[in-house]
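This is input18.txt (compact mmCIF, C-alpha atoms).
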# COMPACT_ATOMS: atom_id res chain seq x y z
CA MET W 1 38.86 38.87 114.86
CA LEU W 2 38.91 37.55 118.42
CA ILE W 3 35.73 35.67 119.27
CA LEU W 4 34.97 34.83 122.91
CA SER W 5 32.12 32.86 124.46
CA ARG W 6 30.66 34.57 127.51
CA LYS W 7 27.77 33.71 129.80
CA LYS W 8 25.39 36.04 131.58
CA ASP W 9 27.18 38.19 134.21
CA GLU W 10 30.59 37.45 132.71
CA LYS W 11 32.75 40.22 131.34
CA VAL W 12 35.44 41.03 128.78
CA MET W 13 38.23 43.54 129.38
CA ILE W 14 39.44 45.73 126.52
CA GLY W 15 42.73 47.25 127.60
CA ASP W 16 42.92 48.27 131.25
CA SER W 17 40.00 50.62 131.30
CA ILE W 18 37.10 49.24 129.27
CA GLU W 19 34.79 46.60 130.74
CA LEU W 20 32.09 44.87 128.75
CA TRP W 21 29.50 42.94 130.75
CA VAL W 22 26.88 40.53 129.50
CA VAL W 23 23.97 41.81 131.58
CA ASP W 24 21.18 39.67 130.14
CA ILE W 25 20.48 37.26 127.31
CA ARG W 26 16.95 36.80 125.99
CA GLY W 27 16.36 34.88 122.78
CA ASP W 28 18.51 36.51 120.10
CA SER W 29 18.97 39.73 122.08
CA VAL W 30 21.96 40.42 124.31
CA LYS W 31 22.01 43.27 126.81
CA LEU W 32 25.50 44.66 127.35
CA GLY W 33 26.85 46.93 130.05
CA ILE W 34 29.91 49.03 129.24
CA ASN W 35 32.29 50.82 131.58
CA ALA W 36 34.64 53.06 129.65
CA PRO W 37 36.56 56.31 130.24
CA ARG W 38 34.54 59.42 129.41
CA GLU W 39 36.66 60.27 126.38
CA VAL W 40 35.78 56.94 124.75
CA LYS W 41 32.71 57.28 122.56
CA VAL W 42 30.28 54.39 122.95
CA PHE W 43 27.36 54.07 120.55
CA ARG W 44 25.37 51.44 118.69
CA GLY W 45 27.24 50.38 115.56
CA GLU W 46 24.55 51.33 113.08
CA ILE W 47 24.30 54.92 114.36
CA ALA W 48 27.44 56.20 112.66
CA ASP W 49 26.11 54.75 109.37
CA GLU W 50 22.74 56.44 109.95
CA ILE W 51 24.35 59.83 110.59
CA GLU W 52 26.57 59.46 107.53
CA ALA W 53 23.48 58.66 105.43
CA ALA W 54 21.68 61.67 106.94
CA ASN W 55 24.64 63.91 106.05
CA GLN W 56 24.54 62.63 102.46
CA ALA W 57 20.79 63.24 102.25
CA ALA W 58 21.18 66.76 103.66
CA LEU W 59 23.55 67.69 100.82
CA ALA W 60 20.65 67.35 98.39
CA SER W 61 18.59 69.95 100.27
CA ARG W 62 16.85 72.55 98.17
CA LEU W 63 18.57 75.90 98.12
CA ASP W 64 15.55 78.15 98.44
CA LEU W 65 14.54 77.03 101.98
CA PRO W 66 10.90 77.21 100.89
CA PHE W 67 9.41 77.69 104.32
CA PRO W 68 7.94 80.58 106.24
CA ASP W 69 10.22 82.65 108.39
CA LEU W 70 9.89 80.41 111.41
CA GLN W 71 10.84 82.96 114.04
CA ASP W 72 8.07 85.25 112.89
CA THR W 73 5.45 82.52 112.77
CA PRO W 74 5.57 80.37 115.91
CA ASN W 75 2.18 78.91 115.01
CA THR W 76 3.38 77.12 111.97
CA PRO W 77 0.81 76.69 109.23
CA SER W 78 -0.09 73.13 108.33
CA LYS W 79 1.97 71.49 105.65
CA MET X 1 37.22 87.84 101.73
CA LEU X 2 35.07 86.52 98.88
CA LEU X 3 33.68 83.00 99.04
CA GLU X 4 31.78 81.04 96.44
CA THR X 5 28.71 79.48 98.03
CA ARG X 6 26.25 76.86 96.83
CA ALA X 7 23.25 78.87 97.97
CA TYR X 8 24.10 82.49 97.16
CA GLY X 9 26.90 82.56 94.64
CA THR X 10 29.93 84.66 95.58
CA VAL X 11 29.52 86.48 98.88
CA GLU X 12 31.71 88.58 101.14
CA ILE X 13 32.51 86.89 104.46
CA GLU X 14 34.45 87.88 107.54
CA GLU X 15 37.47 86.02 108.90
CA THR X 16 35.44 85.29 112.04
CA GLN X 17 32.98 83.20 110.01
CA LEU X 18 35.69 80.70 109.07
CA LEU X 19 35.64 77.42 110.98
CA GLU X 20 37.90 74.40 111.09
CA PHE X 21 36.51 70.87 111.42
CA PRO X 22 39.67 68.87 112.25
CA GLU X 23 37.86 65.53 111.77
CA GLY X 24 35.42 66.65 109.09
CA LEU X 25 31.84 65.35 109.27
CA LEU X 26 30.79 61.69 109.17
CA GLY X 27 31.20 60.59 105.56
CA PHE X 28 32.92 63.89 104.75
CA GLU X 29 36.18 63.43 106.62
CA GLU X 30 38.25 65.16 103.93
CA TYR X 31 36.50 68.54 104.34
CA HIS X 32 38.03 70.57 107.15
CA LYS X 33 37.42 74.20 106.22
CA PHE X 34 33.98 75.77 106.38
CA ALA X 35 32.29 79.12 106.69
CA LEU X 36 29.18 79.68 108.83
CA ILE X 37 26.78 81.94 106.98
CA ASP X 38 23.39 83.32 107.99
CA ALA X 39 20.77 82.01 105.59
CA HIS X 40 18.59 84.62 103.95
CA LYS X 41 15.69 82.97 105.77
CA LYS X 42 15.66 82.77 109.54
CA PRO X 43 16.28 80.69 111.52
CA PHE X 44 18.59 78.79 109.20
CA PHE X 45 22.34 78.92 108.65
CA TRP X 46 24.59 77.51 105.97
CA LEU X 47 27.76 75.58 106.72
CA GLN X 48 29.61 76.07 103.46
CA SER X 49 32.81 74.22 102.64
CA THR X 50 35.55 76.57 101.49
CA GLN X 51 37.22 73.62 99.74
CA ASP X 52 34.33 72.55 97.51
CA VAL X 53 31.35 74.78 96.69
CA LYS X 54 29.07 71.73 96.33
CA ILE X 55 29.59 70.76 100.00
CA ALA X 56 27.14 72.87 102.00
CA PHE X 57 24.72 72.01 104.77
CA VAL X 58 21.66 73.81 106.09
CA LEU X 59 21.82 74.18 109.88
CA ILE X 60 19.34 75.09 112.59
CA LYS X 61 19.74 75.61 116.32
CA PRO X 62 17.86 72.77 118.03
CA SER X 63 16.34 75.20 120.56
CA THR X 64 14.38 76.73 117.66
CA PHE X 65 12.04 73.74 117.52
CA HIS X 66 12.95 71.31 120.32
CA ASP X 67 12.68 71.99 124.06
CA SER X 68 15.66 71.38 126.35
CA TYR X 69 17.89 69.58 123.87
CA GLU X 70 20.62 67.83 125.84
CA PRO X 71 22.53 65.42 123.62
CA GLY X 72 24.73 64.20 126.49
CA ILE X 73 28.11 65.10 124.98
CA THR X 74 30.95 65.38 127.51
CA LEU X 75 33.80 67.89 127.54
CA GLU X 76 36.24 64.98 127.09
CA GLU X 77 34.59 64.12 123.77
CA LEU X 78 35.07 67.72 122.65
CA ALA X 79 38.86 67.51 123.07
CA PRO X 80 39.46 67.53 119.26
CA ILE X 81 38.10 71.08 119.06
CA GLY X 82 39.76 72.36 122.23
CA ALA X 83 36.50 73.54 123.78
CA GLU X 84 36.91 75.12 127.21
CA SER X 85 33.50 73.92 128.33
CA VAL X 86 30.36 72.47 126.83
CA SER X 87 28.76 75.90 127.18
CA ASP X 88 31.63 77.37 125.12
CA CYS X 89 30.04 75.58 122.17
CA LEU X 90 27.31 76.54 119.76
CA ILE X 91 25.16 73.53 118.92
CA PHE X 92 23.59 73.05 115.51
CA ALA X 93 21.60 70.31 113.81
CA ILE X 94 21.92 69.54 110.11
CA VAL X 95 18.66 70.07 108.22
CA THR X 96 17.39 68.09 105.26
CA ILE X 97 14.86 69.78 102.99
CA LEU X 98 13.87 67.63 100.05
CA GLU X 99 11.41 68.43 97.28
CA ALA X 100 8.86 66.15 98.91
CA GLY X 101 8.46 65.13 102.53
CA PRO X 102 8.93 66.93 105.81
CA MET X 103 11.82 69.22 106.66
CA THR X 104 13.90 67.24 109.15
CA ALA X 105 16.77 67.93 111.52
CA ASN X 106 19.39 65.48 112.74
CA LEU X 107 19.48 65.63 116.55
CA GLN X 108 21.43 62.39 116.82
CA GLY X 109 24.55 63.78 115.15
CA PRO X 110 24.74 67.40 116.34
CA LEU X 111 27.53 69.80 115.38
CA PHE X 112 29.44 71.40 118.25
CA ILE X 113 31.38 74.56 117.43
CA SER X 114 33.70 76.07 120.02
CA LYS X 115 33.31 79.83 120.17
CA SER X 116 36.82 80.25 121.60
CA THR X 117 38.74 78.12 119.09
CA ARG X 118 36.31 78.40 116.12
CA LYS X 119 36.70 74.66 115.60
CA GLY X 120 33.82 72.28 115.12
CA MET X 121 33.00 68.58 115.12
CA GLN X 122 30.07 66.27 114.62
CA CYS X 123 29.18 64.38 117.79
CA ILE X 124 27.04 61.29 118.29
CA SER X 125 24.40 61.52 120.99
CA PRO X 126 24.21 58.35 123.08
CA LYS X 127 20.53 59.04 123.82
CA ASP X 128 17.93 56.92 122.04
CA GLU X 129 15.37 59.74 122.08
CA TYR X 130 17.35 61.65 119.46
CA ARG X 131 17.10 60.51 115.85
CA THR X 132 18.50 61.60 112.52
CA LYS X 133 15.09 62.83 111.29
CA HIS X 134 13.08 65.09 113.57
CA ASP X 135 10.18 66.74 111.79
CA ILE X 136 10.88 70.43 112.52
CA LEU X 137 7.47 71.87 111.69
CA GLU X 138 5.63 69.10 113.49
CA GLU X 139 7.64 69.60 116.67
CA MET X 140 7.14 73.36 116.51
CA ALA X 141 3.42 72.90 116.06
CA ALA X 142 3.25 70.47 118.99
CA ARG X 143 5.19 72.91 121.17
CA SER X 144 2.88 75.84 120.46
CA GLU X 145 -0.27 73.88 121.33
How does this structure look as structure tokens?
Amino acid sequence: MLILSRKKDEKVMIGDSIELWVVDIRGDSVKLGINAPREVKVFRGEIADEIEAANQAALASRLDLPFPDLQDTPNTPSK
Amino acid sequence: MLLETRAYGTVEIEETQLLEFPEGLLGFEEYHKFALIDAHKKPFFWLQSTQDVKIAFVLIKPSTFHDSYEPGITLEELAPIGAESVSDCLIFAIVTILEAGPMTANLQGPLFISKSTRKGMQCISPKDEYRTKHDILEEMAARSE
């Protein structure tokens, strides 16, 4: 893994088209700015893990969908 | 054709209900073939794997319970499914219904399905307001107040 030291307002280039800026540093929190082509997906690292966990949880859903027919009851009864 | 489903046993489905997910879903990258089936209860759908009967997800259209859902997915991101436009896509959220606890929908990782290519993918919304667990009934109740 390449590890670089950067100060506030300095940037890192990834390839020709991705710029990573250190926008602000406060305590143990770093604010980053990212310029990337639109086809490059940029998201917080833990999000993909969260979605994967949500997909796993969804597989255990009950089969009977034990809820009122929502379209017929817009005023949903309390749980 | 006949398809074995987790929810309803063996059912008859049309060719037009078959979908391809070239990249699978997050954590389920090896499953590429699915069928979209109306659930017996509105407004739900089932996304049933045609490769493994155990792999099946309950889906809901976000508009059913959430106003103006705009996950911020660009046409460029939809290249894997060959979508002609963002509006060419049906958008679904995966629902989790456990024995206890609220029924939740994942608005952070929506499914986009191109109507023209019948291919689908799971996207990741870059917006912080969307989470993996939106309480469906609570949001519907808040909307109707």
Considering all atoms listed in the file, give me a table of residues in chain W that are at most 8 Å from chain X, with the closest atom pair and distance in Å for each, as JSON lines.
{"residue": "W:Arg38", "atom": "CA", "partner": "X:Glu76", "partner_atom": "CA", "distance": 6.3}
{"residue": "W:Glu39", "atom": "CA", "partner": "X:Glu76", "partner_atom": "CA", "distance": 4.8}
{"residue": "W:Val40", "atom": "CA", "partner": "X:Glu77", "partner_atom": "CA", "distance": 7.3}
{"residue": "W:Lys41", "atom": "CA", "partner": "X:Glu77", "partner_atom": "CA", "distance": 7.2}
{"residue": "W:Val42", "atom": "CA", "partner": "X:Pro126", "partner_atom": "CA", "distance": 7.2}
{"residue": "W:Phe43", "atom": "CA", "partner": "X:Pro126", "partner_atom": "CA", "distance": 5.9}
{"residue": "W:Ile47", "atom": "CA", "partner": "X:Ile124", "partner_atom": "CA", "distance": 8.0}
{"residue": "W:Ala48", "atom": "CA", "partner": "X:Leu26", "partner_atom": "CA", "distance": 7.3}
{"residue": "W:Glu50", "atom": "CA", "partner": "X:Thr132", "partner_atom": "CA", "distance": 7.2}
{"residue": "W:Ile51", "atom": "CA", "partner": "X:Gly109", "partner_atom": "CA", "distance": 6.0}
{"residue": "W:Glu52", "atom": "CA", "partner": "X:Leu26", "partner_atom": "CA", "distance": 5.0}
{"residue": "W:Ala53", "atom": "CA", "partner": "X:Gly27", "partner_atom": "CA", "distance": 8.0}
{"residue": "W:Ala54", "atom": "CA", "partner": "X:Thr132", "partner_atom": "CA", "distance": 6.4}
{"residue": "W:Asn55", "atom": "CA", "partner": "X:Leu26", "partner_atom": "CA", "distance": 7.2}
{"residue": "W:Gln56", "atom": "CA", "partner": "X:Gly27", "partner_atom": "CA", "distance": 7.6}
{"residue": "W:Ala57", "atom": "CA", "partner": "X:Thr96", "partner_atom": "CA", "distance": 6.6}
{"residue": "W:Ala58", "atom": "CA", "partner": "X:Thr96", "partner_atom": "CA", "distance": 4.3}
{"residue": "W:Leu59", "atom": "CA", "partner": "X:Phe57", "partner_atom": "CA", "distance": 6.0}
{"residue": "W:Ala60", "atom": "CA", "partner": "X:Leu98", "partner_atom": "CA", "distance": 7.0}
{"residue": "W:Ser61", "atom": "CA", "partner": "X:Ile97", "partner_atom": "CA", "distance": 4.6}
{"residue": "W:Arg62", "atom": "CA", "partner": "X:Ile97", "partner_atom": "CA", "distance": 5.9}
{"residue": "W:Leu63", "atom": "CA", "partner": "X:Ala7", "partner_atom": "CA", "distance": 5.5}
{"residue": "W:Asp64", "atom": "CA", "partner": "X:Ala7", "partner_atom": "CA", "distance": 7.7}
{"residue": "W:Leu65", "atom": "CA", "partner": "X:Lys41", "partner_atom": "CA", "distance": 7.1}
{"residue": "W:Asp69", "atom": "CA", "partner": "X:Lys42", "partner_atom": "CA", "distance": 5.6}
{"residue": "W:Leu70", "atom": "CA", "partner": "X:Pro43", "partner_atom": "CA", "distance": 6.4}
{"residue": "W:Gln71", "atom": "CA", "partner": "X:Pro43", "partner_atom": "CA", "distance": 6.4}
{"residue": "W:Pro74", "atom": "CA", "partner": "X:Ser144", "partner_atom": "CA", "distance": 7.0}
{"residue": "W:Asn75", "atom": "CA", "partner": "X:Ala141", "partner_atom": "CA", "distance": 6.2}
{"residue": "W:Thr76", "atom": "CA", "partner": "X:Ala141", "partner_atom": "CA", "distance": 5.9}
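Using all atoms listed in the file, the smallest distance between any of X:His134, X:Lys33, X:Arg118, X:His66 and X:Asp52 comes from X:Lys33.
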- Local residues around (39.3, 73.8, 122.4), at most 12 Å away, using all atoms listed in the file, as a list in words: Glu20, Phe21, Pro22, Leu75, Glu76, Glu77, Leu78, Ala79, Pro80, Ile81, Gly82, Ala83, Glu84, Ser85, Val86, Ser87, Asp88, Cys89, Phe112, Ile113, Ser114, Lys115, Ser116, Thr117, Arg118, Lys119, Gly120 and Met121 of chain X
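Between atom CA of X:Glu29 and atom CA of X:Tyr69 there is a distance of 25.9 Å.
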- Task: Measure the distance from atom CA of W:Leu4 to atom CA of W:Asp28 in Å and round it to one decimal.
- Result: 16.8 Å
- Query: Quick one: distance from atom CA of X:Phe45 to atom CA of X:Ile136 in Å, one decimal?
  - Reply: 14.8 Å
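The shell of residues at most 9 Å from stretch 31-35 of chain W, with all atoms listed in the file counted and near chain neighbours (fewer than 6 positions) removed, consists of Ser17, Ile18, Glu19, Leu20, Trp21, Val22, Val23, Asp24, Ile25 and Val42 of chain W.
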With 3 Å of padding per side, what axis-aligned box (centre and edge lengths, Å, one decimal) covers all the listed atoms of stretch 51-66 of chain W? Give it as AutoDock Vina command-line options.
--center_x 18.7 --center_y 68.4 --center_z 104.4 --size_x 21.7 --size_y 25.5 --size_z 18.5
- Message: Under the rule that all atoms listed in the file are counted, which of X:Ser49, X:Gly24, X:Leu111, X:Gln17 is the nearest residue to X:Leu36?
- Response: X:Gln17
